[in-house]
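Enquirer: This is the content of structure09.cif (mmCIF, C-alpha atoms):
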data_protein
loop_
_atom_site.label_atom_id
_atom_site.label_comp_id
_atom_site.auth_asym_id
_atom_site.auth_seq_id
_atom_site.Cartn_x
_atom_site.Cartn_y
_atom_site.Cartn_z
CA MET A 1 32.99 5.19 -9.65
CA SER A 2 34.90 7.03 -12.29
CA GLU A 3 36.10 9.91 -10.21
CA PRO A 4 39.82 10.52 -10.65
CA GLY A 5 42.08 9.78 -7.72
CA VAL A 6 42.41 6.75 -5.56
CA VAL A 7 39.92 7.67 -2.86
CA PRO A 8 37.02 10.03 -2.80
CA ASP A 9 37.84 13.32 -1.12
CA ARG A 10 35.79 13.32 2.06
CA GLU A 11 35.97 16.99 2.83
CA GLY A 12 35.83 18.52 -0.61
CA SER A 13 38.67 20.18 -2.40
CA GLY A 14 39.88 23.72 -2.05
CA ALA A 15 39.93 26.16 -4.94
CA SER A 16 43.74 26.27 -5.00
CA ALA A 17 44.28 22.49 -5.25
CA PRO A 18 47.54 21.60 -7.02
CA GLU A 19 47.37 20.33 -10.57
CA PRO A 20 46.76 16.55 -10.56
CA SER A 21 49.61 14.25 -11.58
CA VAL A 22 49.37 11.86 -14.55
CA PHE A 23 48.48 9.09 -12.10
CA GLN A 24 45.53 11.06 -10.77
CA ARG A 25 44.40 12.26 -14.20
CA ILE A 26 44.09 8.70 -15.49
CA GLY A 27 41.84 7.82 -12.55
CA VAL A 28 41.50 4.72 -10.43
CA ASP A 29 39.04 3.02 -12.80
CA TRP A 30 41.39 3.05 -15.77
CA TRP A 31 44.37 2.09 -13.58
CA ALA A 32 42.43 -0.95 -12.43
CA VAL A 33 41.70 -1.86 -16.05
CA ILE A 34 45.35 -1.34 -17.08
CA VAL A 35 46.90 -3.35 -14.24
CA ALA A 36 44.34 -6.19 -14.25
CA GLY A 37 44.40 -6.12 -18.06
CA ALA A 38 48.16 -6.75 -18.04
CA PHE A 39 47.61 -9.89 -15.95
CA VAL A 40 44.79 -10.98 -18.25
CA LEU A 41 47.02 -10.57 -21.30
CA LEU A 42 49.66 -12.74 -19.59
CA ALA A 43 46.93 -15.32 -18.97
CA VAL A 44 45.87 -15.20 -22.64
CA ALA A 45 49.52 -15.75 -23.63
CA ASP A 46 49.64 -18.61 -21.07
CA ALA A 47 52.56 -16.79 -19.44
CA LEU A 48 50.98 -16.12 -16.04
CA PRO A 49 52.68 -18.21 -13.35
CA LYS A 50 50.56 -20.33 -11.01
CA ILE A 51 48.82 -18.12 -8.44
CA PRO A 52 47.86 -20.14 -5.35
CA TRP A 53 45.09 -19.23 -2.90
CA MET B 1 71.03 21.71 -16.91
CA ALA B 2 68.04 23.46 -15.40
CA THR B 3 65.76 21.00 -17.16
CA GLU B 4 67.77 18.05 -15.83
CA THR B 5 67.52 19.42 -12.31
CA THR B 6 63.77 19.92 -12.66
CA THR B 7 63.32 16.41 -14.03
CA ALA B 8 65.39 14.94 -11.23
CA THR B 9 63.32 16.83 -8.65
CA GLU B 10 60.06 15.69 -10.26
CA GLU B 11 61.28 12.08 -10.28
CA SER B 12 62.24 12.36 -6.63
CA VAL B 13 58.80 13.79 -5.78
CA ASN B 14 57.07 11.00 -7.75
CA LEU B 15 59.19 8.38 -5.99
CA ARG B 16 58.31 9.85 -2.61
CA GLY B 17 54.68 9.92 -3.76
CA ALA B 18 54.77 6.25 -4.73
CA ALA B 19 56.64 5.32 -1.55
CA ALA B 20 53.93 7.04 0.50
CA TYR B 21 51.53 4.24 -0.46
CA LEU B 22 53.80 1.40 0.73
CA PRO B 23 53.14 1.45 4.54
CA GLY B 24 49.37 1.40 4.01
CA ILE B 25 49.56 -1.34 1.38
CA ALA B 26 51.78 -3.37 3.73
CA LEU B 27 49.12 -2.92 6.45
CA LEU B 28 46.39 -4.07 4.03
CA VAL B 29 48.45 -7.19 3.22
CA ALA B 30 49.11 -7.89 6.92
CA VAL B 31 45.47 -7.48 7.98
CA GLY B 32 44.25 -9.45 4.95
CA LEU B 33 46.62 -12.35 5.61
CA LEU B 34 45.72 -12.32 9.30
CA GLY B 35 42.05 -12.62 8.30
CA LYS B 36 42.73 -15.42 5.81
CA TYR B 37 44.81 -17.50 8.23
CA THR B 38 42.53 -16.82 11.21
CA GLN B 39 39.75 -18.66 9.36
CA ILE B 40 42.07 -21.64 8.88
CA TRP B 41 43.42 -21.56 12.46
CA VAL B 42 39.96 -21.20 14.03
CA ASN B 43 38.53 -24.03 11.93
CA ASP B 44 41.46 -26.32 12.78
CA PHE B 45 41.13 -25.48 16.49
CA VAL B 46 37.37 -26.02 16.50
CA HIS B 47 37.68 -29.38 14.71
CA ALA B 48 40.52 -30.52 16.98
CA HIS B 49 38.39 -29.80 20.08
CA HIS B 50 35.11 -31.04 18.54
CA TRP B 51 33.44 -27.70 19.24
CA ARG B 52 30.41 -26.33 17.41
CA PHE B 53 31.29 -22.94 15.98
CA PRO B 54 30.13 -21.27 12.74
CA ASP B 55 32.65 -21.25 9.88
CA ILE B 56 33.37 -17.51 9.72
CA GLU B 57 34.78 -16.58 6.31
CA TYR B 58 38.16 -14.83 5.97
CA VAL B 59 36.25 -11.83 4.60
CA LEU B 60 34.67 -11.11 7.97
CA TRP B 61 37.86 -11.79 9.92
CA ALA B 62 39.83 -9.33 7.75
CA ILE B 63 37.14 -6.67 8.19
CA VAL B 64 36.85 -7.27 11.94
CA PHE B 65 40.62 -6.88 12.45
CA GLY B 66 40.55 -3.69 10.35
CA LEU B 67 37.59 -2.32 12.34
CA ILE B 68 39.29 -3.09 15.65
CA ILE B 69 42.43 -1.21 14.59
CA ALA B 70 40.55 1.77 13.13
CA ASN B 71 38.18 2.17 16.09
CA THR B 72 40.64 1.58 18.95
CA VAL B 73 44.23 2.64 18.37
CA GLY B 74 43.29 4.41 15.13
CA VAL B 75 45.20 4.47 11.85
CA HIS B 76 48.35 6.61 11.77
CA ARG B 77 48.49 9.10 8.91
CA ILE B 78 51.47 7.39 7.26
CA PHE B 79 49.15 4.45 6.48
CA LYS B 80 46.31 6.54 5.03
CA PRO B 81 47.49 6.85 1.37
CA GLY B 82 48.08 3.10 1.08
CA ILE B 83 44.82 2.17 2.80
CA GLY B 84 43.03 4.45 0.34
CA THR B 85 44.15 2.15 -2.48
CA TYR B 86 41.53 -0.41 -1.43
CA GLU B 87 39.24 0.99 -4.12
CA PHE B 88 41.91 0.26 -6.74
CA TRP B 89 42.28 -3.36 -5.53
CA LEU B 90 38.51 -3.75 -5.58
CA LYS B 91 38.19 -2.59 -9.18
CA ALA B 92 41.21 -4.57 -10.39
CA GLY B 93 39.68 -7.63 -8.72
CA ILE B 94 36.37 -7.01 -10.47
CA VAL B 95 38.10 -6.71 -13.87
CA ALA B 96 39.91 -10.03 -13.28
CA LEU B 97 36.64 -11.60 -12.10
CA GLY B 98 35.23 -10.96 -15.58
CA SER B 99 37.05 -14.17 -16.61
CA ARG B 100 34.59 -16.21 -14.49
CA PHE B 101 31.55 -15.07 -16.50
CA VAL B 102 30.50 -15.85 -20.04
CA LEU B 103 28.88 -12.90 -21.79
CA GLY B 104 25.53 -14.70 -22.17
CA ASP B 105 25.21 -15.02 -18.39
CA VAL B 106 26.30 -11.41 -17.93
CA ALA B 107 23.54 -10.27 -20.32
CA LYS B 108 20.93 -12.52 -18.67
CA LEU B 109 21.83 -11.62 -15.08
CA GLY B 110 22.53 -7.99 -15.93
CA GLY B 111 19.11 -7.69 -17.63
CA THR B 112 17.32 -9.18 -14.61
CA SER B 113 19.32 -6.98 -12.26
CA PHE B 114 18.51 -3.91 -14.33
CA VAL B 115 14.77 -4.36 -13.90
CA LEU B 116 15.13 -5.11 -10.17
CA ILE B 117 17.41 -2.09 -9.69
CA LEU B 118 14.91 0.28 -11.32
CA ILE B 119 12.05 -0.94 -9.10
CA ASP B 120 14.24 -0.98 -5.98
CA MET B 121 15.64 2.47 -6.68
CA THR B 122 12.22 4.05 -7.25
CA VAL B 123 10.54 2.55 -4.18
CA ALA B 124 13.48 2.92 -1.79
CA GLY B 125 14.48 6.39 -3.07
CA ALA B 126 10.92 7.70 -2.59
CA ILE B 127 10.69 6.30 0.96
CA ILE B 128 14.09 7.73 1.97
CA LEU B 129 13.27 11.18 0.61
CA THR B 130 9.93 11.13 2.47
CA VAL B 131 11.50 10.07 5.78
CA ALA B 132 14.25 12.69 5.38
CA ARG B 133 11.58 15.36 4.86
CA LEU B 134 9.56 14.16 7.87
CA LEU B 135 12.65 14.35 10.08
CA GLY B 136 13.40 17.86 8.87
CA LEU B 137 16.72 17.16 7.11
CA SER B 138 17.88 19.53 4.38
CA GLY B 139 16.61 18.49 0.95
CA LYS B 140 20.13 18.04 -0.33
CA LEU B 141 21.21 15.78 2.54
CA GLY B 142 18.06 13.78 1.86
CA SER B 143 19.01 13.59 -1.84
CA LEU B 144 22.55 12.47 -0.98
CA LEU B 145 21.29 9.77 1.38
CA ALA B 146 18.77 8.62 -1.25
CA VAL B 147 21.46 8.50 -3.94
CA GLY B 148 23.91 6.71 -1.64
CA THR B 149 21.51 4.29 -0.01
CA SER B 150 19.30 3.30 -2.90
CA ILE B 151 21.84 3.45 -5.69
CA CYS B 152 25.56 3.29 -5.50
CA GLY B 153 27.16 4.29 -2.22
CA VAL B 154 30.11 6.59 -1.82
CA SER B 155 30.91 7.02 -5.51
CA ALA B 156 27.37 8.15 -6.24
CA ILE B 157 27.49 10.64 -3.37
CA VAL B 158 30.84 12.01 -4.58
CA ALA B 159 29.50 12.23 -8.12
CA ALA B 160 26.32 13.95 -6.92
CA ARG B 161 28.17 16.44 -4.71
CA GLY B 162 29.09 18.79 -7.55
CA ALA B 163 25.91 18.27 -9.53
CA ILE B 164 23.55 19.32 -6.74
CA ARG B 165 25.99 21.76 -5.06
CA ALA B 166 25.74 20.02 -1.70
CA ARG B 167 27.44 21.28 1.46
CA ASN B 168 30.70 19.52 2.39
CA ALA B 169 29.32 18.70 5.84
CA ASP B 170 26.33 16.92 4.26
CA VAL B 171 28.63 15.03 1.89
CA GLY B 172 30.97 13.95 4.69
CA TYR B 173 28.07 12.81 6.83
CA ALA B 174 26.32 10.92 4.02
CA ILE B 175 29.59 9.08 3.22
CA ALA B 176 30.19 8.19 6.88
CA ALA B 177 26.61 6.89 7.17
CA ILE B 178 26.90 4.78 4.01
CA LEU B 179 30.25 3.26 5.02
CA THR B 180 29.13 2.49 8.57
CA LEU B 181 25.81 1.00 7.58
CA GLY B 182 27.60 -1.00 4.88
CA ALA B 183 29.84 -2.45 7.59
CA VAL B 184 26.75 -3.30 9.65
CA SER B 185 24.97 -4.96 6.73
CA LEU B 186 27.89 -7.18 5.85
CA PHE B 187 27.52 -8.83 9.26
CA THR B 188 23.72 -8.94 9.36
CA LEU B 189 22.77 -9.89 5.79
CA PRO B 190 24.69 -13.22 5.68
CA ALA B 191 23.14 -14.20 9.03
CA ILE B 192 19.65 -13.35 7.72
CA GLY B 193 20.40 -15.15 4.44
CA HIS B 194 21.41 -18.34 6.27
CA GLY B 195 18.38 -17.98 8.55
CA LEU B 196 16.03 -17.76 5.55
CA GLY B 197 17.83 -20.56 3.71
CA LEU B 198 18.61 -18.41 0.64
CA THR B 199 20.50 -20.06 -2.21
CA ASP B 200 23.84 -18.60 -3.34
CA HIS B 201 22.05 -17.16 -6.37
CA GLU B 202 19.35 -15.48 -4.28
CA PHE B 203 21.82 -14.12 -1.74
CA GLY B 204 24.16 -12.83 -4.46
CA LEU B 205 21.28 -10.95 -6.11
CA TRP B 206 20.08 -9.62 -2.75
CA SER B 207 23.44 -8.33 -1.53
CA GLY B 208 24.16 -6.83 -4.97
CA LEU B 209 20.89 -4.88 -4.74
CA ALA B 210 20.82 -4.05 -1.03
CA VAL B 211 24.34 -3.15 0.07
CA ASP B 212 25.32 0.39 -0.80
CA ASN B 213 29.04 0.56 -1.40
CA THR B 214 30.78 -1.73 -3.90
CA ALA B 215 33.49 -2.88 -1.47
CA GLU B 216 30.93 -3.79 1.20
CA THR B 217 28.70 -5.45 -1.42
CA THR B 218 31.59 -7.64 -2.54
CA ALA B 219 32.49 -8.47 1.06
CA THR B 220 28.87 -9.33 1.94
CA GLY B 221 28.55 -11.63 -1.05
CA TYR B 222 31.86 -13.41 -0.40
CA ALA B 223 31.03 -13.68 3.31
CA TYR B 224 28.15 -15.95 2.20
CA SER B 225 29.96 -17.96 -0.50
CA ASP B 226 32.21 -17.53 -3.52
CA ALA B 227 29.27 -18.05 -5.89
CA ALA B 228 27.18 -15.43 -4.07
CA GLY B 229 30.14 -13.03 -4.11
CA LYS B 230 30.57 -13.37 -7.88
CA LEU B 231 26.91 -12.61 -8.50
CA ALA B 232 26.85 -9.73 -6.02
CA VAL B 233 29.73 -8.09 -7.92
CA LEU B 234 27.88 -8.44 -11.22
CA VAL B 235 24.64 -6.96 -9.89
CA LYS B 236 26.47 -4.12 -8.16
CA SER B 237 28.41 -3.32 -11.34
CA THR B 238 25.10 -3.00 -13.19
CA ARG B 239 23.94 -0.63 -10.45
CA ASN B 240 27.16 1.36 -10.71
CA ALA B 241 26.70 1.75 -14.46
CA LEU B 242 23.53 3.75 -13.73
CA ILE B 243 25.27 6.37 -11.55
CA GLY B 244 25.49 8.96 -14.34
CA PHE B 245 21.78 8.83 -15.16
CA VAL B 246 20.68 9.10 -11.53
CA VAL B 247 23.07 11.93 -10.68
CA LEU B 248 21.95 13.76 -13.82
CA GLY B 249 18.32 13.36 -12.71
CA PHE B 250 18.98 14.78 -9.23
CA GLY B 251 21.15 17.56 -10.72
CA LEU B 252 18.37 18.59 -13.10
CA TYR B 253 15.85 18.57 -10.24
CA TRP B 254 17.92 20.89 -8.03
CA ALA B 255 18.82 23.13 -11.01
CA SER B 256 15.11 23.45 -11.87
CA ARG B 257 14.58 24.78 -8.31
CA GLY B 258 17.38 27.29 -8.85
CA GLU B 259 19.52 25.68 -6.13
CA ALA B 260 22.26 24.25 -8.36
CA ASP B 261 23.95 25.27 -11.58
CA THR B 262 22.32 24.02 -14.74
CA ILE B 263 24.34 20.96 -15.65
CA ALA B 264 25.10 19.74 -19.12
CA PRO B 265 22.78 21.86 -21.28
CA GLY B 266 21.93 19.99 -24.49
CA LEU B 267 21.72 16.29 -25.30
CA ARG B 268 25.37 15.97 -26.32
CA ALA B 269 26.59 17.50 -23.07
CA LYS B 270 24.24 15.25 -21.10
CA ALA B 271 25.66 12.19 -22.86
CA ALA B 272 29.18 13.43 -22.04
CA PHE B 273 28.12 13.92 -18.39
CA VAL B 274 26.78 10.35 -18.16
CA TRP B 275 29.98 9.01 -19.76
CA ALA B 276 32.15 11.02 -17.33
CA LYS B 277 30.35 9.37 -14.41
CA PHE B 278 30.33 5.89 -15.99
CA PRO B 279 32.45 3.39 -14.04
CA LYS B 280 35.12 2.50 -16.62
CA PHE B 281 36.23 -0.67 -14.85
CA VAL B 282 32.89 -2.21 -15.91
CA LEU B 283 34.22 -2.02 -19.50
CA GLY B 284 37.33 -3.92 -18.39
CA PHE B 285 35.11 -6.53 -16.71
CA LEU B 286 33.11 -6.97 -19.95
CA ALA B 287 36.26 -7.13 -22.12
CA VAL B 288 37.77 -9.87 -19.94
CA SER B 289 34.45 -11.71 -19.93
CA ALA B 290 34.47 -11.54 -23.77
CA LEU B 291 37.98 -13.09 -23.86
CA ALA B 292 36.81 -15.93 -21.57
CA THR B 293 33.67 -16.43 -23.67
CA ALA B 294 35.82 -16.72 -26.82
CA HIS B 295 37.93 -19.41 -25.01
CA TRP B 296 41.11 -17.33 -25.36
CA ILE B 297 42.01 -18.18 -21.77
CA ASP B 298 42.62 -21.82 -20.84
CA LYS B 299 41.27 -23.53 -17.72
CA ALA B 300 44.48 -23.32 -15.65
CA GLN B 301 44.86 -19.62 -16.41
CA LEU B 302 41.19 -18.99 -15.58
CA ALA B 303 41.90 -20.48 -12.15
CA ASN B 304 44.93 -18.17 -11.83
CA LEU B 305 42.84 -15.11 -12.65
CA ALA B 306 40.16 -16.18 -10.17
CA ASN B 307 42.82 -16.45 -7.44
CA LEU B 308 44.30 -13.10 -8.47
CA SER B 309 40.85 -11.59 -8.07
CA LYS B 310 40.51 -13.12 -4.58
CA TRP B 311 43.86 -11.67 -3.49
CA ALA B 312 42.83 -8.24 -4.73
CA PHE B 313 39.52 -8.56 -2.85
CA LEU B 314 41.38 -9.62 0.30
CA LEU B 315 43.22 -6.27 0.33
CA THR B 316 39.89 -4.54 -0.30
CA PHE B 317 38.24 -6.22 2.69
CA ALA B 318 41.12 -5.22 4.96
CA GLY B 319 40.72 -1.65 3.66
CA VAL B 320 36.97 -1.65 4.33
CA GLY B 321 37.59 -2.35 8.02
CA LEU B 322 40.52 0.07 8.34
CA ASN B 323 38.52 2.83 6.62
CA THR B 324 35.39 2.57 8.80
CA ASP B 325 35.35 4.83 11.83
CA PHE B 326 32.11 4.55 13.79
CA ARG B 327 32.97 7.71 15.75
CA GLU B 328 32.43 9.85 12.64
CA LEU B 329 28.72 9.13 12.87
CA GLY B 330 28.35 10.71 16.30
CA ARG B 331 29.19 14.14 14.97
CA SER B 332 25.95 14.97 13.14
CA GLY B 333 23.20 13.90 15.54
CA TRP B 334 20.69 11.10 15.29
CA ARG B 335 18.38 12.35 12.53
CA PRO B 336 20.58 11.70 9.48
CA LEU B 337 21.57 8.34 10.99
CA ALA B 338 17.88 7.47 11.43
CA VAL B 339 17.25 8.25 7.74
CA ALA B 340 20.23 6.14 6.69
CA VAL B 341 19.10 3.22 8.89
CA VAL B 342 15.56 3.47 7.50
CA GLY B 343 17.12 3.56 4.04
CA LEU B 344 19.13 0.42 4.67
CA VAL B 345 16.16 -1.48 6.11
CA VAL B 346 13.86 -0.31 3.31
CA VAL B 347 16.32 -1.17 0.54
CA ALA B 348 17.13 -4.55 2.13
CA THR B 349 13.43 -5.43 2.58
CA VAL B 350 12.27 -4.24 -0.84
CA SER B 351 15.16 -5.95 -2.63
CA LEU B 352 14.70 -9.23 -0.71
CA GLY B 353 11.02 -9.24 -1.67
CA LEU B 354 11.93 -8.56 -5.31
CA VAL B 355 14.58 -11.28 -5.38
CA LEU B 356 12.30 -13.93 -3.84
CA PHE B 357 9.43 -12.98 -6.16
CA THR B 358 11.47 -12.92 -9.36
CA VAL B 359 13.57 -16.01 -8.62
CA ARG B 360 11.05 -18.28 -6.88
CA VAL B 361 7.87 -17.19 -8.66
CA LEU B 362 8.98 -15.88 -12.06
CA HIS B 363 12.26 -17.87 -12.37
CA TRP B 364 14.01 -14.85 -13.91
CA GLY B 365 17.73 -14.79 -14.55
CA VAL B 366 18.44 -18.19 -13.02
CA VAL B 367 21.71 -19.42 -14.51
CA ASP B 368 22.52 -23.09 -14.03
#
Take the structure from the file and write it as structure tokens.

Expert:
Amino acid sequence: MSEPGVVPDREGSGASAPEPSVFQRIGVDWWAVIVAGAFVLLAVADALPKIPW
Amino acid sequence: MATETTTATEESVNLRGAAAYLPGIALLVAVGLLGKYTQIWVNDFVHAHHWRFPDIEYVLWAIVFGLIIANTVGVHRIFKPGIGTYEFWLKAGIVALGSRFVLGDVAKLGGTSFVLILIDMTVAGAIILTVARLLGLSGKLGSLLAVGTSICGVSAIVAARGAIRARNADVGYAIAAILTLGAVSLFTLPAIGHGLGLTDHEFGLWSGLAVDNTAETTATGYAYSDAAGKLAVLVKSTRNALIGFVVLGFGLYWASRGEADTIAPGLRAKAAFVWAKFPKFVLGFLAVSALATAHWIDKAQLANLANLSKWAFLLTFAGVGLNTDFRELGRSGWRPLAVAVVGLVVVATVSLGLVLFTVRVLHWGVVD
């Protein structure tokens, strides 16, 4: 669950894989926490607009 | 000047990189919305004509449309990067869902789940390894299927790949089997649950324990009801938190047989290994749950976060369907599939028995 990158690599990675970008280094788990956390902070500040379903 | 040029090039590459995700994300939105509105349209049509037809949740419609596209016309490669973001939407949705739980319930349900997971994992893992050996599969493919089926799905397999030095073909097959069987279980488990008259609580616990991959677990729970979906996510997150320990165990086993590198020598390194495999979004879920418990988020905003979580899950469900290609299973013969099917049936049966015993007999973890 904490593997970097957005999706698991199905076929394995080669030895000469390019250096990962900042986005990949942070990993999908932390990105999820950062993005959802930003919305949660807006909710705490009562600044999140109404989200319908 | 040279630096400026380099920076401009890097920015352009990053922009192209970000833009590469847009077609796939647009497809996720389109399939998700189609699923959501199909439920409404079908229900309106059925009521208008006084027909008897089961109320099929948007979750299943979104997955069905995704499956139809992926297994008929196929998904063009320009959509692949964006479709791959479904794991991000899933985890962001889980973090936001933390606002719907107070920490006391998380501790109570998480504690119950923990005990059930340990029993389930031991019994199901042993049976899967035995069946794999009887059918003559390689020990490592058996280990991967045991890790994936009894514990945590694709992420556990990916995490275990390096630790037990598994072959890429085995990894690819184990992932295909887990994803396909997950898609099968999200149609069968709700039907069985309704047939057995399970409560939302019982079904949420069951799907959290029995379904292998987090996206499919969430979909299975929400296909039953919102309450079952919430609980399924909590139980599955507890399961995910154990990935590091289980992978470490399998890694140590294969290293002791001289068939994998010795991983993480020393206690400190082992702790670092477990932390590296720990699903960090669970920390986000707990932090948001703590904010809700402390009443830092008012009722209207809690409703907003719940809806935000449902939108994120909608994109996930579309991605589950679009990412499942049944044809991948045909490439490795029937034996690994048989082990995976046995694994699914064993895990589902053992966990259902555990849930019914602990909830109906022992009254564990029941939150009013």

Enquirer: Using the chain letters and numbers from this file, what does the PyMOL selection byres ((chain A and resi 53) around 12) select? Give the answer as a PyMOL selection string.

Expert: (chain A and resi 50-52) or (chain B and resi 33+36-37+303-312+314)

Enquirer: What are the residues of chain B lining chain A at 8 Å or less? Count all atoms listed in the file, and put the answer as JSON, numbers by chain.

Expert: {"B": [84, 85, 87, 88, 89, 91, 92, 93, 95, 96, 154, 155, 156, 158, 159, 168, 169, 171, 172, 175, 240, 276, 277, 278, 279, 280, 281, 284, 288, 296, 297, 298, 301, 302, 304, 305, 307, 308, 310, 311]}

Enquirer: Between B:Trp275, B:Phe285, B:Trp254, B:Phe326, which residue has the minimum interatomic distance to Ser143 (chain B), considering all atoms listed in the file?

Expert: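 Smallest distance to Ser143 (chain B) is found for B:Trp254.
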
Enquirer: From the list B:Leu28, B:Leu118, B:Leu145, B:Leu34, which residue is nearest Val131 (chain B) when using only C-alpha atoms?

Expert: B:Leu145

Enquirer: How many Å lie between CA of Gly142 (chain B) and CA of Ile243 (chain B), rounded to one decimal?

Expert: 16.9 Å

Enquirer: Can you tell me how far CA of Phe245 (chain B) sits from CA of Gly208 (chain B), in Å to one decimal?

Expert: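 Going from CA of Phe245 (chain B) over to CA of Gly208 (chain B), I get 18.8 Å.
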
Enquirer: Is it possible to dump region 264-326 of chain B as a JSON list (two decimals), in the first residue's frame, including just C-alpha atoms?

Expert:
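Written out: out.json:
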[["chain", "number", "residue", "atom", "x", "y", "z"],
["B", 264, "ALA", "CA", 16.58, -6.24, 7.07],
["B", 265, "PRO", "CA", 19.24, -7.78, 9.34],
["B", 266, "GLY", "CA", 18.80, -6.49, 12.90],
["B", 267, "LEU", "CA", 15.75, -5.29, 14.81],
["B", 268, "ARG", "CA", 16.13, -1.65, 13.76],
["B", 269, "ALA", "CA", 16.27, -2.55, 10.08],
["B", 270, "LYS", "CA", 13.26, -4.83, 10.49],
["B", 271, "ALA", "CA", 11.29, -1.97, 12.08],
["B", 272, "ALA", "CA", 12.32, 0.28, 9.17],
["B", 273, "PHE", "CA", 11.20, -2.44, 6.71],
["B", 274, "VAL", "CA", 7.77, -2.70, 8.37],
["B", 275, "TRP", "CA", 7.42, 1.11, 8.35],
["B", 276, "ALA", "CA", 8.40, 1.26, 4.65],
["B", 277, "LYS", "CA", 5.58, -1.17, 3.83],
["B", 278, "PHE", "CA", 3.06, 0.50, 6.18],
["B", 279, "PRO", "CA", 0.13, 2.07, 4.30],
["B", 280, "LYS", "CA", 0.57, 5.76, 5.18],
["B", 281, "PHE", "CA", -2.96, 6.74, 4.20],
["B", 282, "VAL", "CA", -4.16, 4.84, 7.30],
["B", 283, "LEU", "CA", -2.42, 7.57, 9.35],
["B", 284, "GLY", "CA", -4.39, 10.19, 7.41],
["B", 285, "PHE", "CA", -7.60, 8.27, 8.10],
["B", 286, "LEU", "CA", -6.81, 8.20, 11.85],
["B", 287, "ALA", "CA", -5.85, 11.90, 11.92],
["B", 288, "VAL", "CA", -9.13, 12.91, 10.27],
["B", 289, "SER", "CA", -11.03, 10.61, 12.61],
["B", 290, "ALA", "CA", -9.30, 12.37, 15.56],
["B", 291, "LEU", "CA", -10.43, 15.78, 14.24],
["B", 292, "ALA", "CA", -14.02, 14.52, 13.97],
["B", 293, "THR", "CA", -13.84, 12.98, 17.45],
["B", 294, "ALA", "CA", -12.66, 16.33, 18.87],
["B", 295, "HIS", "CA", -15.70, 18.01, 17.17],
["B", 296, "TRP", "CA", -13.45, 20.28, 15.09],
["B", 297, "ILE", "CA", -15.64, 19.61, 12.06],
["B", 298, "ASP", "CA", -19.29, 20.68, 12.15],
["B", 299, "LYS", "CA", -22.21, 18.57, 10.96],
["B", 300, "ALA", "CA", -22.65, 20.26, 7.55],
["B", 301, "GLN", "CA", -18.95, 19.92, 6.79],
["B", 302, "LEU", "CA", -18.98, 16.28, 7.89],
["B", 303, "ALA", "CA", -21.69, 15.69, 5.28],
["B", 304, "ASN", "CA", -19.51, 17.46, 2.69],
["B", 305, "LEU", "CA", -16.53, 15.24, 3.49],
["B", 306, "ALA", "CA", -18.72, 12.12, 3.31],
["B", 307, "ASN", "CA", -19.90, 13.17, -0.17],
["B", 308, "LEU", "CA", -16.33, 13.99, -1.20],
["B", 309, "SER", "CA", -15.36, 10.48, -0.15],
["B", 310, "LYS", "CA", -18.20, 9.00, -2.23],
["B", 311, "TRP", "CA", -17.11, 10.92, -5.33],
["B", 312, "ALA", "CA", -13.55, 9.68, -4.88],
["B", 313, "PHE", "CA", -14.84, 6.11, -4.49],
["B", 314, "LEU", "CA", -16.97, 6.51, -7.63],
["B", 315, "LEU", "CA", -13.82, 7.13, -9.68],
["B", 316, "THR", "CA", -12.21, 4.14, -7.95],
["B", 317, "PHE", "CA", -15.08, 1.83, -8.89],
["B", 318, "ALA", "CA", -14.91, 2.93, -12.52],
["B", 319, "GLY", "CA", -11.15, 2.22, -12.42],
["B", 320, "VAL", "CA", -11.69, -1.25, -10.95],
["B", 321, "GLY", "CA", -13.80, -2.25, -13.95],
["B", 322, "LEU", "CA", -11.53, -0.59, -16.53],
["B", 323, "ASN", "CA", -8.46, -2.24, -14.98],
["B", 324, "THR", "CA", -9.80, -5.81, -14.94],
["B", 325, "ASP", "CA", -8.99, -7.87, -18.00],
["B", 326, "PHE", "CA", -10.28, -11.43, -17.73]]
